[in-house]
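Below is run.csv, holding CSV, C-alpha atoms.
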```
chain,number,residue,atom,x,y,z
K,493,MET,CA,73.4,-215.6,70.3
K,494,ILE,CA,73.5,-216.8,66.7
K,495,LEU,CA,72.2,-213.5,65.4
K,496,LEU,CA,74.7,-211.6,67.5
K,497,LEU,CA,77.6,-213.7,66.3
K,498,LEU,CA,76.5,-213.2,62.7
K,499,LEU,CA,76.3,-209.5,63.2
K,500,LEU,CA,79.7,-209.4,64.8
K,501,CYS,CA,81.2,-211.5,62.0
K,502,ALA,CA,79.7,-209.0,59.5
K,503,VAL,CA,81.2,-206.1,61.5
K,504,LEU,CA,84.6,-207.9,61.4
K,505,ILE,CA,84.5,-208.3,57.7
K,506,VAL,CA,83.6,-204.6,57.3
K,507,TRP,CA,86.5,-203.6,59.5
K,508,ILE,CA,88.9,-205.7,57.6
K,509,PHE,CA,88.0,-203.8,54.4
K,510,ILE,CA,87.8,-200.4,56.2
K,511,GLY,CA,91.1,-201.0,57.9
K,512,MET,CA,92.9,-201.9,54.7
K,513,ALA,CA,91.4,-198.9,52.8
K,514,VAL,CA,92.2,-196.4,55.5
K,515,TRP,CA,95.7,-197.6,56.0
K,516,ARG,CA,96.5,-197.4,52.3
K,517,GLY,CA,94.7,-194.1,51.9
K,518,VAL,CA,95.9,-192.2,54.9
K,519,SER,CA,99.4,-193.3,54.2
K,520,THR,CA,99.3,-191.4,50.9
K,521,ILE,CA,98.3,-188.1,52.5
K,522,SER,CA,101.2,-185.7,52.6
K,523,SER,CA,101.9,-182.8,54.8
K,524,ILE,CA,102.5,-179.3,53.4
K,525,ASP,CA,104.6,-178.7,56.5
K,526,GLU,CA,107.3,-180.9,54.9
K,527,LEU,CA,107.6,-178.8,51.8
K,528,SER,CA,110.6,-176.6,51.4
K,529,HIS,CA,110.3,-172.8,51.3
K,530,ARG,CA,109.7,-171.6,47.8
K,531,THR,CA,109.8,-168.2,46.1
K,532,SER,CA,107.4,-165.7,47.6
K,533,ASN,CA,106.6,-164.2,44.2
K,534,GLY,CA,103.5,-165.1,42.3
K,535,PRO,CA,100.1,-163.8,41.1
K,536,LEU,CA,97.8,-161.7,43.3
K,537,LEU,CA,96.1,-163.8,46.0
K,538,SER,CA,92.7,-162.6,47.3
K,539,VAL,CA,92.1,-163.9,50.9
K,540,ILE,CA,88.4,-163.8,51.7
K,541,VAL,CA,87.4,-164.1,55.3
K,542,PRO,CA,83.7,-164.2,56.3
K,543,ALA,CA,82.9,-163.0,59.8
K,544,ARG,CA,79.7,-163.1,61.7
K,545,ASN,CA,80.0,-162.3,65.4
K,546,GLU,CA,83.7,-163.2,65.5
K,547,GLU,CA,85.0,-160.4,67.7
K,548,GLU,CA,86.8,-162.9,69.9
K,549,THR,CA,88.8,-164.5,67.1
K,550,ILE,CA,89.1,-162.3,64.0
K,551,THR,CA,91.9,-160.0,65.2
K,552,ASP,CA,94.3,-162.8,66.1
K,553,SER,CA,93.5,-164.7,62.9
K,554,ILE,CA,94.1,-161.7,60.6
K,555,LEU,CA,97.2,-160.6,62.5
K,556,SER,CA,98.7,-164.1,62.0
K,557,GLN,CA,97.9,-163.9,58.3
K,558,LEU,CA,99.6,-160.5,58.0
K,559,GLN,CA,102.9,-162.2,58.9
K,560,GLN,CA,102.9,-164.1,55.7
K,561,ASP,CA,105.9,-163.7,53.4
K,562,TYR,CA,103.9,-164.1,50.2
K,563,GLN,CA,104.2,-160.8,48.4
K,564,GLN,CA,101.0,-160.2,46.4
K,565,ILE,CA,98.0,-160.5,48.8
K,566,GLN,CA,94.8,-158.6,49.4
K,567,TRP,CA,92.5,-159.4,52.3
K,568,ILE,CA,88.8,-159.0,51.9
K,569,LEU,CA,87.0,-159.2,55.3
K,570,VAL,CA,83.3,-159.7,55.0
K,571,ASN,CA,81.1,-158.6,57.9
K,572,ASP,CA,78.1,-160.8,57.7
K,573,ARG,CA,75.4,-159.0,59.7
K,574,SER,CA,77.4,-159.1,62.9
K,575,THR,CA,75.7,-157.9,66.1
K,576,ASP,CA,78.7,-157.9,68.4
K,577,GLY,CA,82.0,-155.9,68.2
K,578,THR,CA,83.1,-157.6,64.9
K,579,THR,CA,82.4,-154.4,62.9
K,580,GLU,CA,84.8,-152.4,65.0
K,581,ARG,CA,87.4,-155.1,64.9
K,582,LEU,CA,87.3,-155.3,61.1
K,583,GLU,CA,87.6,-151.5,60.7
K,584,GLU,CA,90.6,-151.4,63.1
K,585,LEU,CA,92.3,-154.1,61.0
K,586,ALA,CA,91.6,-152.2,57.8
K,587,GLU,CA,93.2,-149.0,59.3
K,588,MET,CA,96.2,-151.1,60.3
K,589,ASP,CA,97.1,-152.4,56.8
K,590,ARG,CA,96.2,-150.9,53.5
K,591,ARG,CA,95.9,-154.4,51.9
K,592,ILE,CA,92.8,-155.0,53.9
K,593,SER,CA,89.3,-154.0,52.7
K,594,VAL,CA,86.0,-154.6,54.5
K,595,VAL,CA,82.7,-155.5,53.0
K,596,HIS,CA,79.6,-155.0,55.1
K,597,ILE,CA,76.5,-157.1,54.5
K,598,ASP,CA,73.3,-155.8,56.1
K,599,SER,CA,70.7,-158.3,54.9
K,600,LEU,CA,70.5,-161.9,53.7
K,601,GLU,CA,69.4,-162.4,50.1
K,602,LYS,CA,66.7,-165.0,49.4
K,603,GLY,CA,68.0,-168.5,48.6
K,604,TRP,CA,71.4,-167.9,50.3
K,605,LEU,CA,73.0,-169.2,53.5
K,606,GLY,CA,74.8,-166.4,55.3
K,607,LYS,CA,78.4,-167.7,55.0
K,608,ASN,CA,77.9,-168.7,51.4
K,609,GLN,CA,76.6,-165.2,50.5
K,610,ALA,CA,79.5,-163.6,52.4
K,611,LEU,CA,82.1,-165.6,50.5
K,612,TYR,CA,80.4,-164.8,47.2
K,613,LYS,CA,80.2,-161.1,48.0
K,614,GLY,CA,83.9,-161.2,48.9
K,615,TYR,CA,84.7,-162.8,45.6
K,616,GLN,CA,82.8,-160.1,43.7
K,617,VAL,CA,85.1,-157.3,44.9
K,618,SER,CA,88.3,-159.5,44.8
K,619,GLU,CA,90.9,-159.0,42.1
K,620,GLY,CA,93.3,-161.9,42.5
K,621,GLU,CA,94.0,-164.6,40.0
K,622,LEU,CA,94.0,-166.9,43.0
K,623,ILE,CA,91.4,-167.0,45.8
K,624,LEU,CA,91.7,-168.3,49.3
K,625,PHE,CA,88.6,-168.9,51.3
K,626,THR,CA,89.4,-169.3,55.0
K,627,ASP,CA,87.6,-168.9,58.3
K,628,ALA,CA,87.7,-166.1,60.9
K,629,ASP,CA,89.1,-168.3,63.7
K,630,VAL,CA,92.1,-169.9,61.8
K,631,ILE,CA,95.6,-169.1,63.1
K,632,PHE,CA,98.4,-169.2,60.5
K,633,ASN,CA,101.4,-170.4,62.5
K,634,ASP,CA,103.8,-170.7,59.5
K,635,PRO,CA,104.6,-167.4,57.8
K,636,SER,CA,105.5,-169.3,54.6
K,637,ILE,CA,102.3,-171.4,54.4
K,638,LEU,CA,100.8,-169.3,51.6
K,639,THR,CA,104.0,-169.2,49.7
K,640,LYS,CA,104.2,-173.0,49.9
K,641,ALA,CA,100.5,-173.4,49.0
K,642,VAL,CA,100.7,-171.2,45.9
K,643,SER,CA,103.9,-172.8,44.8
K,644,LEU,CA,102.4,-176.2,45.1
K,645,LEU,CA,99.3,-175.2,43.3
K,646,ARG,CA,101.2,-173.7,40.4
K,647,THR,CA,104.0,-176.4,40.0
K,648,GLN,CA,101.4,-179.2,40.1
K,649,LYS,CA,99.0,-177.3,37.9
K,650,LEU,CA,96.2,-177.6,40.4
K,651,ASP,CA,92.9,-175.9,40.3
K,652,HIS,CA,92.2,-176.4,44.0
K,653,LEU,CA,94.3,-177.0,47.1
K,654,THR,CA,92.7,-177.7,50.5
K,655,LEU,CA,94.5,-178.1,53.8
K,656,ALA,CA,93.4,-179.8,57.0
K,657,PRO,CA,94.5,-177.8,60.1
K,658,HIS,CA,95.3,-178.9,63.6
K,659,ILE,CA,92.0,-178.8,65.6
K,660,LYS,CA,92.8,-177.5,69.0
K,661,SER,CA,90.6,-178.7,71.9
K,662,GLN,CA,90.9,-177.9,75.6
K,663,SER,CA,89.1,-180.7,77.5
K,664,PHE,CA,89.7,-184.4,77.4
K,665,TRP,CA,86.1,-185.2,76.2
K,666,LEU,CA,86.2,-182.6,73.5
K,667,LYS,CA,89.6,-184.0,72.3
K,668,SER,CA,88.1,-187.5,72.2
K,669,PHE,CA,85.0,-186.3,70.4
K,670,VAL,CA,87.0,-184.4,67.7
K,671,ALA,CA,89.3,-187.4,67.3
K,672,PHE,CA,86.4,-189.7,66.8
K,673,PHE,CA,84.9,-187.3,64.3
K,674,LEU,CA,88.1,-187.3,62.3
K,675,PHE,CA,88.3,-191.1,62.6
K,676,GLY,CA,84.8,-191.5,61.1
K,677,PHE,CA,85.4,-188.7,58.6
K,678,SER,CA,88.5,-190.6,57.3
K,679,PHE,CA,86.7,-193.8,56.2
K,680,TYR,CA,83.3,-192.1,55.4
K,681,LYS,CA,84.6,-189.3,53.2
K,682,ARG,CA,88.0,-190.9,52.1
K,683,PRO,CA,89.7,-187.5,51.7
K,684,TRP,CA,92.8,-189.1,50.1
K,685,LYS,CA,90.6,-189.9,47.0
K,686,ALA,CA,90.5,-186.1,46.2
K,687,ASN,CA,94.2,-186.5,45.1
K,688,ASP,CA,93.2,-189.1,42.5
K,689,PRO,CA,92.2,-187.5,39.2
K,690,SER,CA,90.2,-190.6,38.2
K,691,SER,CA,88.2,-190.5,41.5
K,692,LYS,CA,84.8,-188.7,41.7
K,693,VAL,CA,85.4,-187.9,45.4
K,694,GLY,CA,85.9,-184.2,46.0
K,695,MET,CA,87.2,-182.6,49.2
K,696,GLY,CA,87.1,-179.1,50.8
K,697,ILE,CA,88.1,-177.8,54.2
K,698,GLY,CA,86.7,-174.5,55.4
K,699,ALA,CA,89.9,-173.5,57.1
K,700,PHE,CA,91.8,-173.4,53.8
K,701,ASN,CA,90.3,-173.6,50.3
K,702,LEU,CA,92.8,-172.2,47.7
K,703,ILE,CA,91.3,-172.1,44.2
K,704,THR,CA,92.1,-170.5,40.9
K,705,ARG,CA,89.7,-167.8,39.9
K,706,SER,CA,89.1,-169.4,36.5
K,707,ALA,CA,88.1,-172.7,38.1
K,708,TYR,CA,85.9,-171.0,40.6
K,709,GLU,CA,84.0,-169.1,38.0
K,710,GLU,CA,83.8,-172.2,35.7
K,711,ILE,CA,82.0,-174.2,38.4
K,712,GLY,CA,79.5,-171.4,38.9
K,713,THR,CA,81.0,-169.9,42.1
K,714,HIS,CA,79.1,-170.1,45.4
K,715,GLU,CA,75.9,-169.5,43.5
K,716,GLU,CA,75.8,-173.2,42.7
K,717,ILE,CA,76.0,-174.2,46.4
K,718,LYS,CA,74.4,-171.1,47.9
K,719,HIS,CA,72.0,-173.0,50.2
K,720,MET,CA,74.3,-175.9,51.2
K,721,PRO,CA,75.4,-175.9,54.8
K,722,ASP,CA,78.5,-177.9,54.1
K,723,ASP,CA,79.7,-175.3,51.6
K,724,ASP,CA,83.4,-176.0,52.1
K,725,LEU,CA,83.0,-179.7,51.2
K,726,GLN,CA,80.6,-179.0,48.4
K,727,LEU,CA,83.0,-176.6,46.8
K,728,GLY,CA,85.4,-179.5,46.4
K,729,VAL,CA,82.7,-181.8,45.2
K,730,GLN,CA,81.7,-179.3,42.5
K,731,LEU,CA,85.3,-179.0,41.3
K,732,LYS,CA,85.5,-182.8,40.9
K,733,LYS,CA,82.3,-182.8,39.0
K,734,HIS,CA,83.9,-180.4,36.6
K,735,HIS,CA,87.0,-182.6,36.4
K,736,LYS,CA,89.2,-180.1,38.1
K,737,LYS,CA,92.5,-181.1,39.6
K,738,GLN,CA,92.7,-180.8,43.4
K,739,PHE,CA,94.9,-181.9,46.3
K,740,PHE,CA,94.1,-182.5,49.9
K,741,LEU,CA,97.0,-182.2,52.4
K,742,ILE,CA,97.4,-181.8,56.1
K,743,ALA,CA,98.9,-178.8,57.7
K,744,LEU,CA,99.0,-179.6,61.4
K,745,ASN,CA,101.9,-177.3,62.2
K,746,SER,CA,101.0,-174.5,59.8
K,747,LEU,CA,97.3,-174.0,60.6
K,748,GLU,CA,95.4,-174.2,63.8
K,749,VAL,CA,91.8,-173.7,64.8
K,750,GLU,CA,89.8,-174.1,67.9
K,751,TRP,CA,86.8,-175.7,66.3
K,752,TYR,CA,84.7,-175.7,69.5
K,753,ARG,CA,85.4,-174.7,73.1
K,754,SER,CA,83.1,-177.3,74.7
K,755,LEU,CA,81.0,-180.4,73.9
K,756,LYS,CA,77.9,-178.3,74.0
K,757,GLU,CA,79.3,-176.0,71.3
K,758,ALA,CA,80.3,-179.1,69.3
K,759,PHE,CA,76.7,-180.5,69.4
K,760,ASN,CA,75.4,-177.1,68.4
K,761,GLY,CA,77.9,-176.7,65.6
K,762,LEU,CA,77.1,-180.1,64.2
K,763,GLU,CA,73.4,-179.2,63.9
K,764,LYS,CA,74.3,-177.4,60.7
K,765,ASN,CA,76.2,-180.1,58.8
K,766,THR,CA,75.2,-183.5,60.3
K,767,PHE,CA,71.8,-184.0,58.7
K,768,ALA,CA,73.0,-182.3,55.5
K,769,GLY,CA,75.9,-184.7,55.3
K,770,LEU,CA,73.4,-187.6,55.4
K,771,HIS,CA,71.4,-185.9,52.5
K,772,TYR,CA,68.5,-185.2,54.8
K,773,SER,CA,67.5,-188.9,54.6
K,774,MET,CA,66.0,-190.5,57.7
K,775,LEU,CA,67.0,-193.9,56.3
K,776,LEU,CA,70.6,-192.8,56.2
K,777,VAL,CA,70.3,-191.3,59.7
K,778,LEU,CA,69.0,-194.6,61.1
K,779,PHE,CA,71.7,-196.6,59.2
K,780,ALA,CA,74.4,-194.3,60.5
K,781,MET,CA,73.3,-194.5,64.1
K,782,PHE,CA,73.0,-198.3,63.9
K,783,GLY,CA,76.2,-198.6,62.0
K,784,VAL,CA,78.2,-196.6,64.5
K,785,PHE,CA,76.7,-198.5,67.5
K,786,SER,CA,77.2,-202.0,66.0
K,787,SER,CA,80.7,-201.3,64.6
K,788,THR,CA,82.3,-199.2,67.3
K,789,VAL,CA,80.3,-199.6,70.5
K,790,LEU,CA,78.9,-203.1,70.6
K,791,PRO,CA,82.3,-205.0,70.5
K,792,PHE,CA,83.4,-203.2,73.6
K,793,PHE,CA,80.5,-205.0,75.4
K,794,THR,CA,80.5,-208.3,73.7
K,795,ILE,CA,84.2,-208.9,74.5
K,796,PHE,CA,82.9,-209.8,77.9
K,797,SER,CA,80.5,-212.5,76.6
K,798,MET,CA,80.5,-215.9,78.1
K,799,GLU,CA,80.4,-217.3,74.6
K,800,PRO,CA,83.9,-218.0,73.3
K,801,ALA,CA,83.2,-217.4,69.7
K,802,ILE,CA,81.6,-214.0,70.4
K,803,ARG,CA,84.4,-213.1,72.6
K,804,ILE,CA,87.1,-214.0,70.0
K,805,VAL,CA,85.3,-212.2,67.2
K,806,SER,CA,84.9,-209.1,69.4
K,807,MET,CA,88.6,-209.1,70.3
K,808,LEU,CA,89.5,-209.2,66.6
K,809,ILE,CA,87.1,-206.3,65.8
K,810,LEU,CA,88.6,-204.2,68.6
K,811,LEU,CA,92.1,-205.0,67.4
K,812,LEU,CA,91.2,-203.8,63.9
K,813,ILE,CA,89.5,-200.7,65.2
K,814,GLY,CA,92.5,-199.9,67.4
K,815,ILE,CA,95.0,-200.3,64.6
K,816,THR,CA,92.9,-198.1,62.2
K,817,TYR,CA,92.2,-195.5,64.9
K,818,LEU,CA,95.8,-195.2,65.8
K,819,LYS,CA,96.8,-194.7,62.2
K,820,VAL,CA,94.3,-191.9,61.7
K,821,ILE,CA,95.1,-190.2,65.0
K,822,LYS,CA,98.8,-190.3,64.3
K,823,GLN,CA,98.5,-189.1,60.7
K,824,MET,CA,95.7,-186.6,61.0
K,825,THR,CA,96.0,-185.1,64.4
K,826,LYS,CA,98.4,-184.1,67.1
K,827,GLU,CA,96.5,-185.9,69.9
K,828,SER,CA,97.5,-188.8,72.0
K,829,PRO,CA,96.6,-192.4,70.9
K,830,LEU,CA,95.4,-193.0,74.4
K,831,LEU,CA,92.1,-191.3,73.4
K,832,PHE,CA,91.2,-194.8,72.0
K,833,LEU,CA,90.3,-195.8,75.5
K,834,ALA,CA,87.3,-193.4,75.4
K,835,LEU,CA,86.2,-194.6,71.9
K,836,PRO,CA,82.9,-196.4,72.9
K,837,PHE,CA,81.8,-193.3,75.0
K,838,THR,CA,82.7,-190.8,72.2
K,839,ALA,CA,80.9,-193.0,69.7
K,840,MET,CA,77.8,-192.9,71.8
K,841,LEU,CA,78.1,-189.1,72.0
K,842,PHE,CA,78.4,-189.0,68.2
K,843,ILE,CA,75.3,-191.1,67.9
K,844,TYR,CA,73.5,-188.7,70.2
K,845,SER,CA,74.7,-185.7,68.1
K,846,ILE,CA,73.3,-187.3,64.9
K,847,GLY,CA,69.9,-187.9,66.6
K,848,ARG,CA,69.9,-184.5,68.2
K,849,ALA,CA,70.7,-182.7,64.9
K,850,THR,CA,68.0,-184.6,63.0
K,851,LEU,CA,65.3,-184.1,65.6
K,852,LEU,CA,66.0,-180.3,66.0
K,853,THR,CA,66.0,-179.9,62.2
K,854,TYR,CA,62.5,-181.4,62.0
K,855,LYS,CA,61.3,-179.5,65.1
K,856,ARG,CA,62.5,-176.1,63.8
K,857,GLY,CA,61.5,-176.9,60.3
K,858,GLY,CA,65.1,-176.2,59.2
K,859,ILE,CA,68.5,-175.5,60.7
K,860,GLU,CA,69.4,-172.6,62.9
K,861,TRP,CA,72.9,-171.2,62.3
K,862,ARG,CA,74.4,-168.0,63.6
K,863,GLY,CA,71.0,-166.6,64.6
K,864,THR,CA,69.3,-167.4,61.2
K,865,VAL,CA,66.8,-170.2,60.6
K,866,TYR,CA,66.9,-171.8,57.1
K,867,SER,CA,63.9,-173.7,55.9
K,868,PHE,CA,64.2,-177.4,55.8
K,869,LYS,CA,62.1,-177.7,52.7
K,870,GLU,CA,64.3,-175.2,50.9
K,871,LEU,CA,67.5,-176.9,52.1
K,872,LYS,CA,66.3,-180.3,50.9
K,873,ARG,CA,65.1,-179.0,47.6
K,874,LYS,CA,68.3,-177.2,46.8
K,875,ARG,CA,70.4,-180.3,47.4
K,876,LYS,CA,68.7,-182.4,44.8
```

Could you render the structure as structure tokens?
Amino acid sequence: MILLLLLLCAVLIVWIFIGMAVWRGVSTISSIDELSHRTSNGPLLSVIVPARNEEETITDSILSQLQQDYQQIQWILVNDRSTDGTTERLEELAEMDRRISVVHIDSLEKGWLGKNQALYKGYQVSEGELILFTDADVIFNDPSILTKAVSLLRTQKLDHLTLAPHIKSQSFWLKSFVAFFLFGFSFYKRPWKANDPSSKVGMGIGAFNLITRSAYEEIGTHEEIKHMPDDDLQLGVQLKKHHKKQFFLIALNSLEVEWYRSLKEAFNGLEKNTFAGLHYSMLLVLFAMFGVFSSTVLPFFTIFSMEPAIRIVSMLILLLIGITYLKVIKQMTKESPLLFLALPFTAMLFIYSIGRATLLTYKRGGIEWRGTVYSFKELKRKRK
């Protein structure tokens, strides 16, 4: 009982600091949706979209982008060894609009992850002073989002602007899981720190990474992160390492993506990034799993303890978790705060996803992503 009480007291102290940091930090994150419409004139913008087996999403995504009112845009759609109908979809889009060009990749070069190579190949044929890296399943709901983004980048003299979209989920459990992921992401990655020039924290979101060509080339392009699964985040990290100015904003009304269609897809998708995000360290994996359980699962059980002290401390922890969770959900998503009721269960699912991703990485000798297996030894060596 004494050890349990001491553990809960430590968790309480941690949540006091986390809660304060998250409240202060999240409160500073602005929404690009609130910006007024600016002039649509500006330098040429190259939109680079990698696509591997995206026949179900690529057409809707590009059609939504073609509605943008920004004047100077070229689209470079990169077909990354697709085996479905993606090739035909891309060619149909290119015939529809002369601003679209298609690059076909038939093989993966040694040392590269597929998406990273596709982004780099798109850059090589691009001409824009500005480059937007986005995904093939992102829907652009606001026809002025690119105008707003470019205006903000130029007026604030930014090198990089990244936007967090609304993540659309269909089922209750998937909504809960995604909400918990964003909850943990907020206090683990502290995305608001990207807006602080004195901070070393960098941020990048795959749905929308707008960067100046000069900054991208100065940091070494995707060649510097060619074997990193979390390429979008690492792009932001590299920019901060080179002391570039970046902003992170939310765009819940302007951008939308259905991240995964089921929990099974979510578990499969997180295989790529989870272990990488923990730097391929078993110690960090165990620490993360224990930390999530003791901080967000255990108090839901110990609140029913017969020991008054344990019960009181557990209640205080749950109060702090609830306040912090509601702040993140309200600011960073469009979901209902009632998802908090499923928190202990989604936390357990997240623990499972960490363990699953780690075990599969060791079992396969690497990660499997989009039909390609990448060597674990090579992944780990490149990250050092």

Give me the residues within 12 Å of Leu810 (chain K) as a PDB file with C-alpha atoms, in the frame of the given file, counting only C-alpha atoms and dropping any in the same chain fewer than 2 places off.
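Just written: selection-v6.pdb:
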```
ATOM      1  CA  LEU K 500      79.700-209.400  64.800  1.00  0.00           C
ATOM      2  CA  VAL K 503      81.200-206.100  61.500  1.00  0.00           C
ATOM      3  CA  LEU K 504      84.600-207.900  61.400  1.00  0.00           C
ATOM      4  CA  TRP K 507      86.500-203.600  59.500  1.00  0.00           C
ATOM      5  CA  ILE K 508      88.900-205.700  57.600  1.00  0.00           C
ATOM      6  CA  GLY K 511      91.100-201.000  57.900  1.00  0.00           C
ATOM      7  CA  SER K 786      77.200-202.000  66.000  1.00  0.00           C
ATOM      8  CA  SER K 787      80.700-201.300  64.600  1.00  0.00           C
ATOM      9  CA  THR K 788      82.300-199.200  67.300  1.00  0.00           C
ATOM     10  CA  VAL K 789      80.300-199.600  70.500  1.00  0.00           C
ATOM     11  CA  LEU K 790      78.900-203.100  70.600  1.00  0.00           C
ATOM     12  CA  PRO K 791      82.300-205.000  70.500  1.00  0.00           C
ATOM     13  CA  PHE K 792      83.400-203.200  73.600  1.00  0.00           C
ATOM     14  CA  PHE K 793      80.500-205.000  75.400  1.00  0.00           C
ATOM     15  CA  THR K 794      80.500-208.300  73.700  1.00  0.00           C
ATOM     16  CA  ILE K 795      84.200-208.900  74.500  1.00  0.00           C
ATOM     17  CA  ARG K 803      84.400-213.100  72.600  1.00  0.00           C
ATOM     18  CA  ILE K 804      87.100-214.000  70.000  1.00  0.00           C
ATOM     19  CA  VAL K 805      85.300-212.200  67.200  1.00  0.00           C
ATOM     20  CA  SER K 806      84.900-209.100  69.400  1.00  0.00           C
ATOM     21  CA  MET K 807      88.600-209.100  70.300  1.00  0.00           C
ATOM     22  CA  LEU K 808      89.500-209.200  66.600  1.00  0.00           C
ATOM     23  CA  LEU K 812      91.200-203.800  63.900  1.00  0.00           C
ATOM     24  CA  ILE K 813      89.500-200.700  65.200  1.00  0.00           C
ATOM     25  CA  GLY K 814      92.500-199.900  67.400  1.00  0.00           C
ATOM     26  CA  ILE K 815      95.000-200.300  64.600  1.00  0.00           C
ATOM     27  CA  THR K 816      92.900-198.100  62.200  1.00  0.00           C
ATOM     28  CA  TYR K 817      92.200-195.500  64.900  1.00  0.00           C
ATOM     29  CA  LEU K 818      95.800-195.200  65.800  1.00  0.00           C
ATOM     30  CA  PHE K 832      91.200-194.800  72.000  1.00  0.00           C
ATOM     31  CA  LEU K 833      90.300-195.800  75.500  1.00  0.00           C
ATOM     32  CA  LEU K 835      86.200-194.600  71.900  1.00  0.00           C
ATOM     33  CA  PRO K 836      82.900-196.400  72.900  1.00  0.00           C
TER      34      PRO K 836
END
```

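When only C-alpha atoms are used to measure the gap to Glu710 (chain K), the shortest distance among K:Lys756, K:Lys764, K:His771, K:Lys736 belongs to K:Lys736.
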
If you count all atoms listed in the file, which residues fall within 8 Å of Trp751 (chain K), apart from same-chain ones fewer than 5 positions away, as an MDAnalysis selection string? chainID K and resid 659:661 758

Residues at most 8 Å from region 668-683 of chain K, counting only C-alpha atoms, excluding those fewer than 3 positions away in the same chain, as an NGL selection string? :K and (510 or 513-514 or 517-518 or 659 or 661 or 664-665 or 686 or 693-695 or 740 or 755 or 817 or 820-821 or 824-825 or 827 or 831-832 or 834-835 or 838-839 or 841-842)

Go through K:Lys826, K:Arg856, K:His596, K:Lys640 one by one, measure the shortest atom-to-atom distance of each to Leu744 (chain K) using all atoms listed in the file, and give the residue with the smallest value. K:Lys826

Judged by only C-alpha atoms, the minimum distance to Cys501 (chain K) among K:Leu762, K:Ile802, K:Tyr866, K:Leu555 is found for K:Ile802

Who sits within 8 Å of Asn687 (chain K), all atoms listed in the file, same chain under 6 positions skipped, as a list in words: Lys737, Gln738, Phe739 and Phe740 of chain K

Could you work out an axis-aligned box for region 701-719 of chain K, taking every atom the file lists and adding 6 Å on each side, and report centre and edge lengths in Å to one decimal, as JSON?
```
{"center_x": 82.4, "center_y": -171.0, "center_z": 43.0, "size_x": 32.8, "size_y": 18.4, "size_z": 26.6}
```

Let me make sure I understand: among K:Val594, K:Ser691, K:His719, K:Leu638, which one has the smallest atom-to-atom distance to Gln563 (chain K) if we use all atoms listed in the file?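 Between K:Val594, K:Ser691, K:His719, K:Leu638, the residue approaching Gln563 (chain K) most closely is K:Leu638.
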
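You can rank K:Tyr844, K:Tyr752, K:Trp604, K:Phe796 by their closest distance to Met781 (chain K) using all atoms listed in the file, and at the top of that list sits K:Tyr844.
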
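The smallest atom-to-atom distance between Glu546 (chain K) and any of K:Glu583, K:Glu619, K:Glu799, K:Asp627, using only C-alpha atoms, is found for K:Asp627.
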
Write out as a PyMOL selection string the residues lying within 9 Å of Thr639 (chain K), counting only C-alpha atoms and excluding same-chain residues fewer than 5 positions away. chain K and resi 529-534+560-563+644

Please complete region 724-735 of chain K so it has N, CA and C atoms, and hand it over as an mmCIF file, in the frame of the given file.
```cif
data_model
loop_
_atom_site.group_PDB
_atom_site.id
_atom_site.type_symbol
_atom_site.label_atom_id
_atom_site.label_comp_id
_atom_site.auth_asym_id
_atom_site.auth_seq_id
_atom_site.Cartn_x
_atom_site.Cartn_y
_atom_site.Cartn_z
ATOM 1 N N ASP K 724 82.012 -175.784 52.332
ATOM 2 C CA ASP K 724 83.400 -176.000 52.100
ATOM 3 C C ASP K 724 83.639 -177.376 51.383
ATOM 4 N N LEU K 725 82.943 -178.400 51.861
ATOM 5 C CA LEU K 725 83.000 -179.700 51.200
ATOM 6 C C LEU K 725 82.415 -179.692 49.821
ATOM 7 N N GLN K 726 81.269 -179.035 49.700
ATOM 8 C CA GLN K 726 80.600 -179.000 48.400
ATOM 9 C C GLN K 726 81.363 -178.235 47.354
ATOM 10 N N LEU K 727 82.180 -177.280 47.778
ATOM 11 C CA LEU K 727 83.000 -176.600 46.800
ATOM 12 C C LEU K 727 83.982 -177.594 46.154
ATOM 13 N N GLY K 728 84.571 -178.472 46.973
ATOM 14 C CA GLY K 728 85.400 -179.500 46.400
ATOM 15 C C GLY K 728 84.703 -180.493 45.567
ATOM 16 N N VAL K 729 83.478 -180.838 45.967
ATOM 17 C CA VAL K 729 82.700 -181.800 45.200
ATOM 18 C C VAL K 729 82.346 -181.184 43.805
ATOM 19 N N GLN K 730 81.983 -179.908 43.777
ATOM 20 C CA GLN K 730 81.700 -179.300 42.500
ATOM 21 C C GLN K 730 82.891 -179.244 41.576
ATOM 22 N N LEU K 731 84.055 -179.003 42.139
ATOM 23 C CA LEU K 731 85.300 -179.000 41.300
ATOM 24 C C LEU K 731 85.541 -180.353 40.707
ATOM 25 N N LYS K 732 85.327 -181.415 41.493
ATOM 26 C CA LYS K 732 85.500 -182.800 40.900
ATOM 27 C C LYS K 732 84.507 -183.081 39.861
ATOM 28 N N LYS K 733 83.290 -182.598 40.052
ATOM 29 C CA LYS K 733 82.300 -182.800 39.000
ATOM 30 C C LYS K 733 82.642 -182.189 37.701
ATOM 31 N N HIS K 734 83.402 -181.105 37.791
ATOM 32 C CA HIS K 734 83.900 -180.400 36.600
ATOM 33 C C HIS K 734 85.254 -180.862 36.162
ATOM 34 N N HIS K 735 85.699 -181.975 36.747
ATOM 35 C CA HIS K 735 87.000 -182.600 36.400
ATOM 36 C C HIS K 735 88.178 -181.688 36.613
#
```
